[in-house]
file my_file_36.cif (mmCIF, C-alpha atoms)
data_work
loop_
_atom_site.label_atom_id
_atom_site.label_comp_id
_atom_site.auth_asym_id
_atom_site.auth_seq_id
_atom_site.Cartn_x
_atom_site.Cartn_y
_atom_site.Cartn_z
CA MET V 221 0.00 0.00 0.00
CA THR V 222 2.91 2.30 0.75
CA GLU V 223 4.15 1.66 -2.79
CA LEU V 224 0.68 2.30 -4.27
CA ALA V 225 0.29 5.50 -2.28
CA ALA V 226 3.68 6.92 -3.19
CA PRO V 227 2.65 8.66 -6.46
CA PHE V 228 -0.46 10.28 -4.89
CA ALA V 229 -0.79 13.33 -2.71
CA MET V 230 -2.96 11.34 -0.31
CA SER V 231 -2.55 10.04 3.20
CA LEU V 232 -2.08 6.32 3.75
CA PRO V 233 -5.47 5.96 5.51
CA ALA V 234 -7.15 7.68 2.53
CA VAL V 235 -5.49 5.28 0.08
CA SER V 236 -6.50 2.39 2.30
CA LYS V 237 -10.12 3.55 2.21
CA HIS V 238 -10.15 3.77 -1.59
CA LEU V 239 -8.59 0.32 -1.90
CA LYS V 240 -11.27 -1.13 0.35
CA VAL V 241 -14.01 0.28 -1.91
CA LEU V 242 -12.31 -1.12 -5.02
CA GLU V 243 -11.92 -4.48 -3.32
CA ARG V 244 -15.59 -4.62 -2.33
CA ALA V 245 -16.53 -3.82 -5.93
CA GLY V 246 -14.46 -6.78 -7.09
CA LEU V 247 -12.20 -4.55 -9.12
CA ILE V 248 -9.03 -5.42 -7.24
CA ALA V 249 -7.94 -8.50 -5.37
CA ARG V 250 -5.74 -8.25 -2.30
CA GLY V 251 -3.45 -10.81 -0.82
CA ARG V 252 -2.59 -11.02 2.85
CA GLU V 253 0.99 -11.59 3.89
CA ALA V 254 1.46 -10.27 7.42
CA GLN V 255 1.85 -6.50 7.10
CA TRP V 256 2.28 -6.64 3.36
CA ARG V 257 -0.90 -6.78 1.24
CA PRO V 258 -0.19 -6.88 -2.49
CA CYS V 259 -3.02 -5.60 -4.75
CA ARG V 260 -3.92 -6.99 -8.13
CA LEU V 261 -6.18 -5.27 -10.67
CA GLU V 262 -9.21 -7.41 -11.53
CA ALA V 263 -10.10 -6.05 -14.94
CA ARG V 264 -12.69 -8.71 -15.78
CA PRO V 265 -15.81 -7.14 -14.27
CA LEU V 266 -15.11 -3.90 -16.11
CA LYS V 267 -14.18 -5.63 -19.35
CA ASP V 268 -17.35 -7.76 -19.21
CA ALA V 269 -19.48 -4.67 -18.82
CA PHE V 270 -18.18 -3.14 -22.01
CA ASN V 271 -17.96 -6.36 -24.03
CA TRP V 272 -21.52 -7.61 -23.83
CA LEU V 273 -22.90 -4.84 -26.02
CA GLU V 274 -20.27 -5.46 -28.66
CA HIS V 275 -21.09 -9.19 -28.72
CA TYR V 276 -24.78 -8.53 -29.18
CA ARG V 277 -24.16 -5.83 -31.80
CA ARG V 278 -22.01 -8.07 -33.97
CA PHE V 279 -24.54 -10.84 -33.65
CA TRP V 280 -27.47 -8.67 -34.72
CA GLU V 281 -25.69 -6.89 -37.56
CA GLN V 282 -24.73 -10.21 -39.11
CA SER V 283 -28.13 -11.81 -38.47
CA LEU V 284 -29.88 -8.85 -40.08
CA ASP V 285 -27.64 -9.25 -43.15
CA ARG V 286 -28.95 -12.77 -43.47
CA LEU V 287 -32.55 -11.66 -42.87
CA ASP V 288 -32.11 -9.13 -45.68
CA ALA V 289 -30.92 -11.83 -48.08
CA TYR V 290 -33.68 -14.19 -46.96
CA LEU V 291 -36.41 -11.57 -47.51
CA HIS V 292 -35.08 -11.06 -51.01
CA GLU V 293 -35.15 -14.82 -51.64
CA LEU V 294 -38.74 -15.07 -50.34
CA GLN V 295 -39.93 -12.31 -52.64
CA VAL V 296 -38.25 -13.79 -55.71
CA LYS V 297 -40.03 -17.08 -54.92
CA GLU V 298 -43.37 -15.32 -54.44
CA LYS V 299 -43.02 -13.57 -57.78
CA LYS V 300 -42.21 -16.83 -59.57
CA ASN V 301 -45.17 -18.61 -57.96
CA GLY V 302 -47.41 -15.66 -58.80
CA ARG V 303 -46.49 -15.86 -62.47
CA ARG V 304 -47.20 -19.57 -62.67
CA LYS V 305 -50.75 -19.16 -61.32
CA MET W 233 -24.85 9.97 -5.02
CA ALA W 234 -25.06 11.55 -8.46
CA ALA W 235 -22.61 9.25 -10.21
CA GLY W 236 -23.92 6.22 -8.34
CA SER W 237 -27.48 6.67 -9.53
CA ASN W 238 -26.34 7.53 -13.06
CA ALA W 239 -24.77 4.13 -13.48
CA ALA W 240 -28.08 2.48 -12.64
CA THR W 241 -30.56 4.72 -14.40
CA GLN W 242 -28.86 6.17 -17.49
CA PRO W 243 -29.59 3.60 -20.19
CA GLU W 244 -27.60 5.41 -22.91
CA GLU W 245 -24.34 3.81 -21.92
CA PHE W 246 -25.79 0.34 -21.87
CA GLU W 247 -28.02 0.30 -24.88
CA LEU W 248 -27.80 -0.79 -28.43
CA VAL W 249 -29.81 0.69 -31.30
CA ILE W 250 -29.65 -0.77 -34.80
CA THR W 251 -31.84 0.51 -37.64
CA ARG W 252 -32.24 -1.39 -40.89
CA LEU W 253 -34.22 -0.64 -44.03
CA PHE W 254 -35.50 -3.82 -45.68
CA ASP W 255 -36.66 -3.99 -49.25
CA ALA W 256 -39.81 -5.91 -48.29
CA PRO W 257 -43.33 -5.06 -47.03
CA ARG W 258 -43.87 -4.99 -43.28
CA ALA W 259 -46.12 -8.07 -43.14
CA LEU W 260 -43.36 -10.15 -44.70
CA VAL W 261 -40.65 -8.85 -42.36
CA TRP W 262 -42.89 -9.60 -39.37
CA LYS W 263 -43.54 -13.10 -40.71
CA ALA W 264 -39.82 -13.74 -41.25
CA TRP W 265 -39.16 -12.65 -37.66
CA THR W 266 -41.99 -14.43 -35.87
CA GLU W 267 -42.72 -17.66 -37.76
CA PRO W 268 -40.43 -20.54 -36.79
CA GLU W 269 -39.96 -21.94 -40.31
CA HIS W 270 -38.79 -18.54 -41.51
CA ARG W 271 -36.86 -17.59 -38.40
CA VAL W 272 -34.55 -20.61 -38.58
CA ARG W 273 -33.49 -19.58 -42.10
CA TRP W 274 -31.61 -16.49 -40.97
CA MET W 275 -30.88 -16.94 -37.26
CA GLY W 276 -27.37 -15.88 -36.43
CA PRO W 277 -24.40 -14.80 -38.52
CA GLN W 278 -23.35 -16.50 -41.78
CA GLY W 279 -22.67 -20.20 -41.29
CA PHE W 280 -24.86 -20.54 -38.18
CA THR W 281 -27.64 -23.10 -38.04
CA GLY W 282 -30.55 -22.56 -35.72
CA SER W 283 -33.49 -24.40 -34.29
CA ILE W 284 -36.47 -23.35 -32.22
CA VAL W 285 -36.66 -25.15 -28.88
CA LYS W 286 -39.72 -23.17 -27.85
CA MET W 287 -41.57 -20.15 -29.23
CA ASP W 288 -44.78 -19.17 -27.47
CA LEU W 289 -45.47 -15.92 -29.28
CA ARG W 290 -47.82 -14.10 -26.90
CA SER W 291 -47.39 -11.68 -24.02
CA GLY W 292 -45.96 -13.73 -21.15
CA GLY W 293 -44.95 -16.60 -23.44
CA ALA W 294 -41.41 -17.96 -23.33
CA TYR W 295 -39.00 -18.73 -26.14
CA ARG W 296 -35.71 -20.55 -26.41
CA PHE W 297 -33.60 -20.91 -29.56
CA HIS W 298 -30.52 -22.99 -30.17
CA LEU W 299 -27.76 -21.88 -32.52
CA ARG W 300 -24.61 -23.61 -33.69
CA SER W 301 -21.81 -21.63 -35.28
CA ALA W 302 -19.86 -22.83 -38.33
CA ASP W 303 -17.06 -24.04 -36.04
CA GLY W 304 -19.47 -26.01 -33.83
CA ALA W 305 -19.92 -23.67 -30.87
CA ASP W 306 -23.37 -23.80 -29.26
CA LEU W 307 -25.35 -20.79 -28.16
CA TRP W 308 -28.85 -20.51 -26.73
CA GLN W 309 -31.06 -17.43 -26.76
CA GLN W 310 -34.02 -17.22 -24.48
CA GLY W 311 -36.51 -14.88 -22.90
CA VAL W 312 -40.13 -14.01 -22.35
CA TYR W 313 -42.33 -11.99 -24.71
CA ARG W 314 -43.61 -8.83 -23.08
CA GLU W 315 -45.56 -7.25 -25.93
CA VAL W 316 -46.65 -8.80 -29.20
CA VAL W 317 -48.37 -6.25 -31.45
CA GLU W 318 -48.58 -7.73 -34.93
CA PRO W 319 -47.16 -6.50 -37.26
CA LYS W 320 -45.44 -3.52 -35.70
CA ARG W 321 -43.99 -4.08 -32.26
CA LEU W 322 -42.35 -6.90 -30.37
CA VAL W 323 -40.87 -6.58 -26.89
CA CYS W 324 -39.14 -9.45 -25.08
CA THR W 325 -36.48 -10.16 -22.52
CA TYR W 326 -33.40 -11.56 -24.21
CA VAL W 327 -30.25 -13.27 -23.04
CA TRP W 328 -27.63 -15.71 -24.29
CA THR W 329 -27.30 -18.82 -22.16
CA ASP W 330 -25.42 -22.11 -21.92
CA ALA W 331 -27.04 -25.53 -22.43
CA GLU W 332 -28.56 -25.46 -18.92
CA GLY W 333 -30.11 -22.03 -19.42
CA ASN W 334 -27.61 -20.12 -17.28
CA PRO W 335 -26.98 -16.63 -18.69
CA THR W 336 -23.55 -16.12 -20.27
CA GLN W 337 -24.16 -12.40 -20.96
CA PRO W 338 -26.12 -9.74 -19.07
CA GLU W 339 -29.87 -10.10 -19.50
CA THR W 340 -31.48 -7.47 -21.72
CA LEU W 341 -34.81 -6.14 -22.91
CA LEU W 342 -35.23 -6.18 -26.67
CA THR W 343 -37.72 -3.90 -28.44
CA LEU W 344 -38.33 -4.29 -32.15
CA THR W 345 -40.29 -1.74 -34.12
CA PHE W 346 -41.44 -2.55 -37.64
CA GLU W 347 -42.25 0.64 -39.53
CA ASP W 348 -44.40 0.43 -42.66
CA LEU W 349 -42.85 2.32 -45.60
CA GLY W 350 -45.00 0.79 -48.33
CA LEU W 351 -42.81 -1.69 -50.18
CA LYS W 352 -40.05 -1.17 -47.65
CA THR W 353 -39.86 -1.66 -43.90
CA ARG W 354 -37.72 0.10 -41.37
CA LEU W 355 -36.76 -2.14 -38.48
CA THR W 356 -35.43 -0.57 -35.30
CA LEU W 357 -33.81 -2.92 -32.83
CA HIS W 358 -33.34 -1.49 -29.38
CA GLN W 359 -31.59 -3.53 -26.75
CA VAL W 360 -31.08 -2.28 -23.23
CA LEU W 361 -29.59 -3.73 -20.11
CA PHE W 362 -32.34 -5.45 -18.15
CA GLU W 363 -31.28 -3.95 -14.83
CA SER W 364 -31.90 -0.40 -16.04
CA VAL W 365 -35.48 -1.17 -17.09
CA PRO W 366 -37.97 -0.14 -14.37
CA ALA W 367 -40.24 -3.17 -14.97
CA ARG W 368 -37.45 -5.59 -14.14
CA ASP W 369 -38.08 -8.91 -12.44
CA SER W 370 -36.19 -9.99 -9.39
CA HIS W 371 -32.84 -10.41 -11.03
CA HIS W 372 -29.38 -9.33 -10.19
CA GLY W 373 -26.12 -9.22 -12.10
CA GLY W 374 -22.88 -9.05 -10.19
CA TRP W 375 -21.22 -6.86 -12.74
CA THR W 376 -23.81 -4.05 -12.61
CA SER W 377 -23.49 -3.77 -8.90
CA SER W 378 -19.74 -3.64 -9.45
CA LEU W 379 -20.23 -0.74 -11.82
CA GLU W 380 -22.56 1.00 -9.42
CA ARG W 381 -19.96 0.61 -6.74
CA LEU W 382 -17.25 1.95 -9.01
CA ALA W 383 -19.39 5.00 -9.79
CA GLU W 384 -20.05 5.44 -6.09
CA TYR W 385 -16.35 5.17 -5.44
CA LEU W 386 -15.50 7.71 -8.13
CA ALA W 387 -18.11 10.13 -6.82
CA LYS W 388 -16.69 9.84 -3.34
CA SER W 389 -13.11 10.28 -4.45
CA LEU W 390 -14.03 13.39 -6.47
CA SER W 391 -15.89 15.04 -3.63
#
call {"tool": "encode", "arguments": {"input": "my_file_36.cif", "output": "structure tokens"}}
result
Amino acid sequence: MTELAAPFAMSLPAVSKHLKVLERAGLIARGREAQWRPCRLEARPLKDAFNWLEHYRRFWEQSLDRLDAYLHELQVKEKKNGRRK
Amino acid sequence: MAAGSNAATQPEEFELVITRLFDAPRALVWKAWTEPEHRVRWMGPQGFTGSIVKMDLRSGGAYRFHLRSADGADLWQQGVYREVVEPKRLVCTYVWTDAEGNPTQPETLLTLTFEDLGLKTRLTLHQVLFESVPARDSHHGGWTSSLERLAEYLAKSLS
């Protein structure tokens, strides 16, 4: 924590408080080795939050391309059937 | 408090809007979307094959679709229809799940609007994070509460 706090103009207790909030939010993981508690950034929750939209977007864009082609196919068929009748 | 409530109530950051103009009349686009034999013909990106496990097209009815990608990966989509207004509006909950029905992505609310433009149809697909919809069911996603907590944290550290 002393190492983490070094670059900031913040007291150690203030840094400790911020770390606790980040830990509760699952955004960092902290080890416990006597007086030394290494922190590790847990980027997954954040990354997940911004990835889901992108997954769905890609899925829909590509599905709608296929729907477009399928609608065209349906109408060509309808026209052909119409002419035969 | 401001940033904390923003994360939960501002849908803009967690919504998806796609608009498409189809060269087909609205009744046909609706049919292609809602009738199983048509739906399976275009479900998913190129190379995907799909099947309908369940499709109870009425308000409160459930659906579940299975998709397999070209390289053999399985994906299930499921949800409950909230509004079925033929041929112009369809609202349903929507989520991707594994084989057992456990969500693999955040659950969302999907609203489709089919706009009649004569021989053409404008489709608007609006997808929003389920948690930010007021009419949500009892449902919780760990990652949203993480985001809310991050916003709370940021608000506190700025004050």
call {"tool": "resolve_selection", "arguments": {"input": "my_file_36.cif", "expression": "the PyMOL selection byres ((chain W and resi 301) around 10)", "output": "ChimeraX atom specification"}}
result
/W:276-282,299-300,302-307
call {"tool": "resolve_selection", "arguments": {"input": "my_file_36.cif", "expression": "the PyMOL selection byres ((chain V) within 8 of (chain W))", "output": "PyMOL selection string"}}
result
chain V and resi 238+241-242+245-247+265-266+268-269+272-273+277+279-288+290-292+295
call {"tool": "residues_near_point", "arguments": {"input": "my_file_36.cif", "point": "(-45.7, -8.9, -28.0)", "cutoff": "10 Å", "atoms": "all atoms listed in the file", "output": "VMD selection string"}}
result
chain W and resid 289 to 293 312 to 324 343 to 344
call {"tool": "atom_distance", "arguments": {"input": "my_file_36.cif", "atom1": "atom CA of Arg296 of chain W", "atom2": "atom CA of Gln309 of chain W"}}
result
5.6 Å
call {"tool": "atom_distance", "arguments": {"input": "my_file_36.cif", "atom1": "atom CA of Thr353 of chain W", "atom2": "atom CA of Ala259 of chain W"}}
result
9.0 Å
call {"tool": "atom_distance", "arguments": {"input": "my_file_36.cif", "atom1": "atom CA of Leu239 of chain V", "atom2": "atom CA of Gly251 of chain V"}}
result
12.3 Å
